[in-house]
Each structure stands twice: as structure tokens, then as C-alpha cells.
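This report concerns only the one structure given below.
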Amino acid sequence: MRRALIVLCTALLAGCLGYTTYPPTEGQWASADVNSPTAEQVMATALRRVVSLYPPPGPLDASPRLAIQGPRGLSALRCDRLARAVGMGAVPLTPESEGLPRYSVKELRVRGARAEVDIFRPVYRTLGKVEWQMITVELHGGLSPWSVQRVHERVVGAFEPPIPYYRPDETIEEQSQPEAPGEEIKDG
């Protein structure tokens with residue numbers, strides 16, 4: 001009986017924290033919604049860590065300094081909030097910010113209190129040529145603020161970065177939507 005109760009509580013807790021996988025795969029049972037508060041918090045925490053570990057070249061006081069590319073389907077509101085949460089001169093990727101160093105979220109996996117995010121960062125090795133490095137960030141959180149547990153560097157050039165995806169145009173509903181209490185993004 002006690003074991004059944006533990007299994008039930010674990011399942012309920014995992015359901016509350018969520019299961020998200022992006023990009024979606026055929027037959028997956030996890031959500032592919034990148035606009036959930038959990039997905040936003042996980043991406044913001046992972047991006048902040050990658051940008052702080054591997055800052056873009058150039059003056060520290062420049063603004064804007066880098067462009068953030070969220071996954072396809074991320075709303076304009078979430079794109080803006082994600083860039084603000086990353087800070088450090090980050091702006092959403094748009095045609096106007098395309099010339100800035102780009103940090104891109106390619107994949108996201110949330111499993112209850114654990115998450116992984118694959119982020120591509122630019123690497124400048126030769127004059128004018130950009131190569132890409134995938135960084136996998138492992139996080140823990142859910143009921144507490146998300147925090148980075150591990151950062152895995154992949155070989156530069158081993159993986160293809162995502163195709164540029166610009167911040168979508170705003171809609172009337174997004175312009176008037178207030179930030180919900182409890183959705184504030186905290187650094188982990």
C-alpha cells in the first residue's frame with residue numbers, strides 16, 4: 001500500500017512539473033508547447049548560463065549585444081520575455097538583429113524536475129567566419145527555481161545549428177496580456 005502511494009505521488013508530482021519535448025517527434029506523449037511557463041524558465045536559465053560562459057565578442061556595454069533565437073512556435077511575448085530574462089544586451093532575433101552574435105535554442109526536454117536544453121553558440125575562429133558549437137545544459141528544478149547542474153560542450157562544427165527563426169509579429173492579445181503572477185523568471 002505504501003509503495004503504491006509513493007508511486008502515485010511521484011506520478012502526480014511529475015505531472016505537475018510537466019513533460020515537454022521540442023521538437024516534437026511522431027507519437028510522442030510529452031507536450032511540445034514551448035510557450036509554457038516551465039519551458040520559458042528552463043530556456044532562460046540555460047541561455048543565461050551559456051551566454052555568461054561564452055559571451056559574444058565586442059564591448060561589454062554595447063546594447064544590443066546578442067540575439068536570442070527561441071524554438072519555432074515561440075510567441076512574440078515569450079521571445080521578448082526570454083531576451084529580457086537573459087539580459088546581457090540580448091534581443092530577440094529579427095531581421096534587424098540578424099548581424100548580432102546569435103544564441104539559438106534547438107532542442108528542449110523537460111521530465112518533471114529535470115531538463116536538458118541544446119543551445120548553439122557562435123564561435124569566431126577566423127576573420128569573418130562563424131562556426132557553431134552545441135552546448136547541452138542540464139538543469140534541475142520545477143518546484144524550486146531551475147538551476148544548472150551540468151554544461152556539456154560538443155565539438156565545434158559537429159552539429160548543424162537551427163535555421164534562423166525570427167521573432168513572430170505581435171498580436172493584439174499578446175500586446176495587452178499582463179505578465180501573470182508566478183511566471184517571473186528566476187535565475188538558478
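Residues are named by chain letter and number: chains run A, B, ... in the order of the C-alpha cells, numbers start at 1 in each chain, and ligands are numbered from 1 in the order shown.
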**Asked** region 34-40 of chain A: which residues within 8 Å, counting only C-alpha atoms, same-chain residues fewer than 5 positions away excluded, as a list in words?
**Response**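 Residues near the query, excluding close chain neighbours: Leu17, Gly18, Thr20, Tyr22, Pro71, Gly73, Leu74, Ser75, Arg78, Leu82, Leu108, Val110, Gly142, Glu183 and Ile185 of chain A.
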**Request:** Compile the contact shell of Val105 (chain A) as a ChimeraX atom specification: residues with an atom at most 10 Å away, counting only C-alpha atoms, same-chain residues fewer than 4 positions apart removed.
**Result:** /A:22,43-44,46-47,68-72,117-121,134-136,161-162
Generate the output file for the selected residues, N, CA and C atoms, as a PDB file, in the first residue's frame.
ATOM      1  N   TYR A  22      10.760  19.319 -27.357  1.00  0.00           N
ATOM      2  CA  TYR A  22      10.777  20.083 -28.600  1.00  0.00           C
ATOM      3  C   TYR A  22      12.119  19.828 -29.274  1.00  0.00           C
ATOM      4  N   MET A  43      14.481  27.488 -20.587  1.00  0.00           N
ATOM      5  CA  MET A  43      15.271  28.098 -21.662  1.00  0.00           C
ATOM      6  C   MET A  43      16.030  29.322 -21.171  1.00  0.00           C
ATOM      7  N   ALA A  44      15.385  30.163 -20.376  1.00  0.00           N
ATOM      8  CA  ALA A  44      16.037  31.380 -19.876  1.00  0.00           C
ATOM      9  C   ALA A  44      17.239  31.041 -18.997  1.00  0.00           C
ATOM     10  N   ALA A  46      19.039  28.252 -18.979  1.00  0.00           N
ATOM     11  CA  ALA A  46      20.095  27.638 -19.803  1.00  0.00           C
ATOM     12  C   ALA A  46      20.793  28.684 -20.674  1.00  0.00           C
ATOM     13  N   LEU A  47      20.025  29.553 -21.312  1.00  0.00           N
ATOM     14  CA  LEU A  47      20.624  30.592 -22.164  1.00  0.00           C
ATOM     15  C   LEU A  47      21.508  31.540 -21.353  1.00  0.00           C
ATOM     16  N   ILE A  68      18.852  36.413 -29.430  1.00  0.00           N
ATOM     17  CA  ILE A  68      18.359  35.144 -28.906  1.00  0.00           C
ATOM     18  C   ILE A  68      17.339  34.582 -29.884  1.00  0.00           C
ATOM     19  N   GLN A  69      17.545  33.337 -30.275  1.00  0.00           N
ATOM     20  CA  GLN A  69      16.596  32.649 -31.150  1.00  0.00           C
ATOM     21  C   GLN A  69      15.936  31.548 -30.354  1.00  0.00           C
ATOM     22  N   GLY A  70      14.644  31.695 -30.129  1.00  0.00           N
ATOM     23  CA  GLY A  70      13.896  30.647 -29.460  1.00  0.00           C
ATOM     24  C   GLY A  70      13.490  29.585 -30.453  1.00  0.00           C
ATOM     25  N   PRO A  71      12.886  28.524 -29.975  1.00  0.00           N
ATOM     26  CA  PRO A  71      12.420  27.473 -30.884  1.00  0.00           C
ATOM     27  C   PRO A  71      11.222  27.945 -31.703  1.00  0.00           C
ATOM     28  N   ARG A  72      11.013  27.313 -32.839  1.00  0.00           N
ATOM     29  CA  ARG A  72       9.868  27.615 -33.692  1.00  0.00           C
ATOM     30  C   ARG A  72       8.583  27.481 -32.892  1.00  0.00           C
ATOM     31  N   VAL A 117      18.592  21.338 -22.321  1.00  0.00           N
ATOM     32  CA  VAL A 117      18.396  22.273 -23.423  1.00  0.00           C
ATOM     33  C   VAL A 117      19.654  22.246 -24.278  1.00  0.00           C
ATOM     34  N   ASP A 118      19.468  22.097 -25.598  1.00  0.00           N
ATOM     35  CA  ASP A 118      20.582  22.193 -26.541  1.00  0.00           C
ATOM     36  C   ASP A 118      20.584  23.590 -27.131  1.00  0.00           C
ATOM     37  N   ILE A 119      21.692  24.286 -26.928  1.00  0.00           N
ATOM     38  CA  ILE A 119      21.835  25.671 -27.376  1.00  0.00           C
ATOM     39  C   ILE A 119      23.044  25.756 -28.294  1.00  0.00           C
ATOM     40  N   PHE A 120      22.892  26.482 -29.390  1.00  0.00           N
ATOM     41  CA  PHE A 120      24.020  26.734 -30.288  1.00  0.00           C
ATOM     42  C   PHE A 120      24.547  28.122 -30.038  1.00  0.00           C
ATOM     43  N   ARG A 121      25.859  28.211 -29.997  1.00  0.00           N
ATOM     44  CA  ARG A 121      26.529  29.493 -29.805  1.00  0.00           C
ATOM     45  C   ARG A 121      27.512  29.699 -30.943  1.00  0.00           C
ATOM     46  N   MET A 134      27.427  23.300 -30.245  1.00  0.00           N
ATOM     47  CA  MET A 134      26.255  22.954 -29.457  1.00  0.00           C
ATOM     48  C   MET A 134      26.676  22.747 -28.007  1.00  0.00           C
ATOM     49  N   ILE A 135      25.927  23.354 -27.126  1.00  0.00           N
ATOM     50  CA  ILE A 135      26.133  23.218 -25.688  1.00  0.00           C
ATOM     51  C   ILE A 135      24.856  22.601 -25.119  1.00  0.00           C
ATOM     52  N   THR A 136      24.978  21.484 -24.400  1.00  0.00           N
ATOM     53  CA  THR A 136      23.823  20.876 -23.740  1.00  0.00           C
ATOM     54  C   THR A 136      23.879  21.260 -22.271  1.00  0.00           C
ATOM     55  N   PRO A 161      23.486  24.066 -36.720  1.00  0.00           N
ATOM     56  CA  PRO A 161      22.620  24.941 -35.922  1.00  0.00           C
ATOM     57  C   PRO A 161      21.234  25.030 -36.557  1.00  0.00           C
ATOM     58  N   PRO A 162      20.255  25.479 -35.791  1.00  0.00           N
ATOM     59  CA  PRO A 162      18.927  25.631 -36.372  1.00  0.00           C
ATOM     60  C   PRO A 162      18.918  26.739 -37.423  1.00  0.00           C
TER      61      PRO A 162
END
**Item:** CA of Thr45 (chain A) to CA of Gly128 (chain A), straight-line distance in Å
**Value:**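 Going from CA of Gly128 (chain A) over to CA of Thr45 (chain A) covers 29.4 Å.
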**Request:** Taking the chain letters and numbering used in this document, name the residues of region 120-174 of chain A that DSSP puts in strand (DSSP E or B), as a PyMOL selection string.
**Result:** chain A and resi 120-126+129-140+147-153
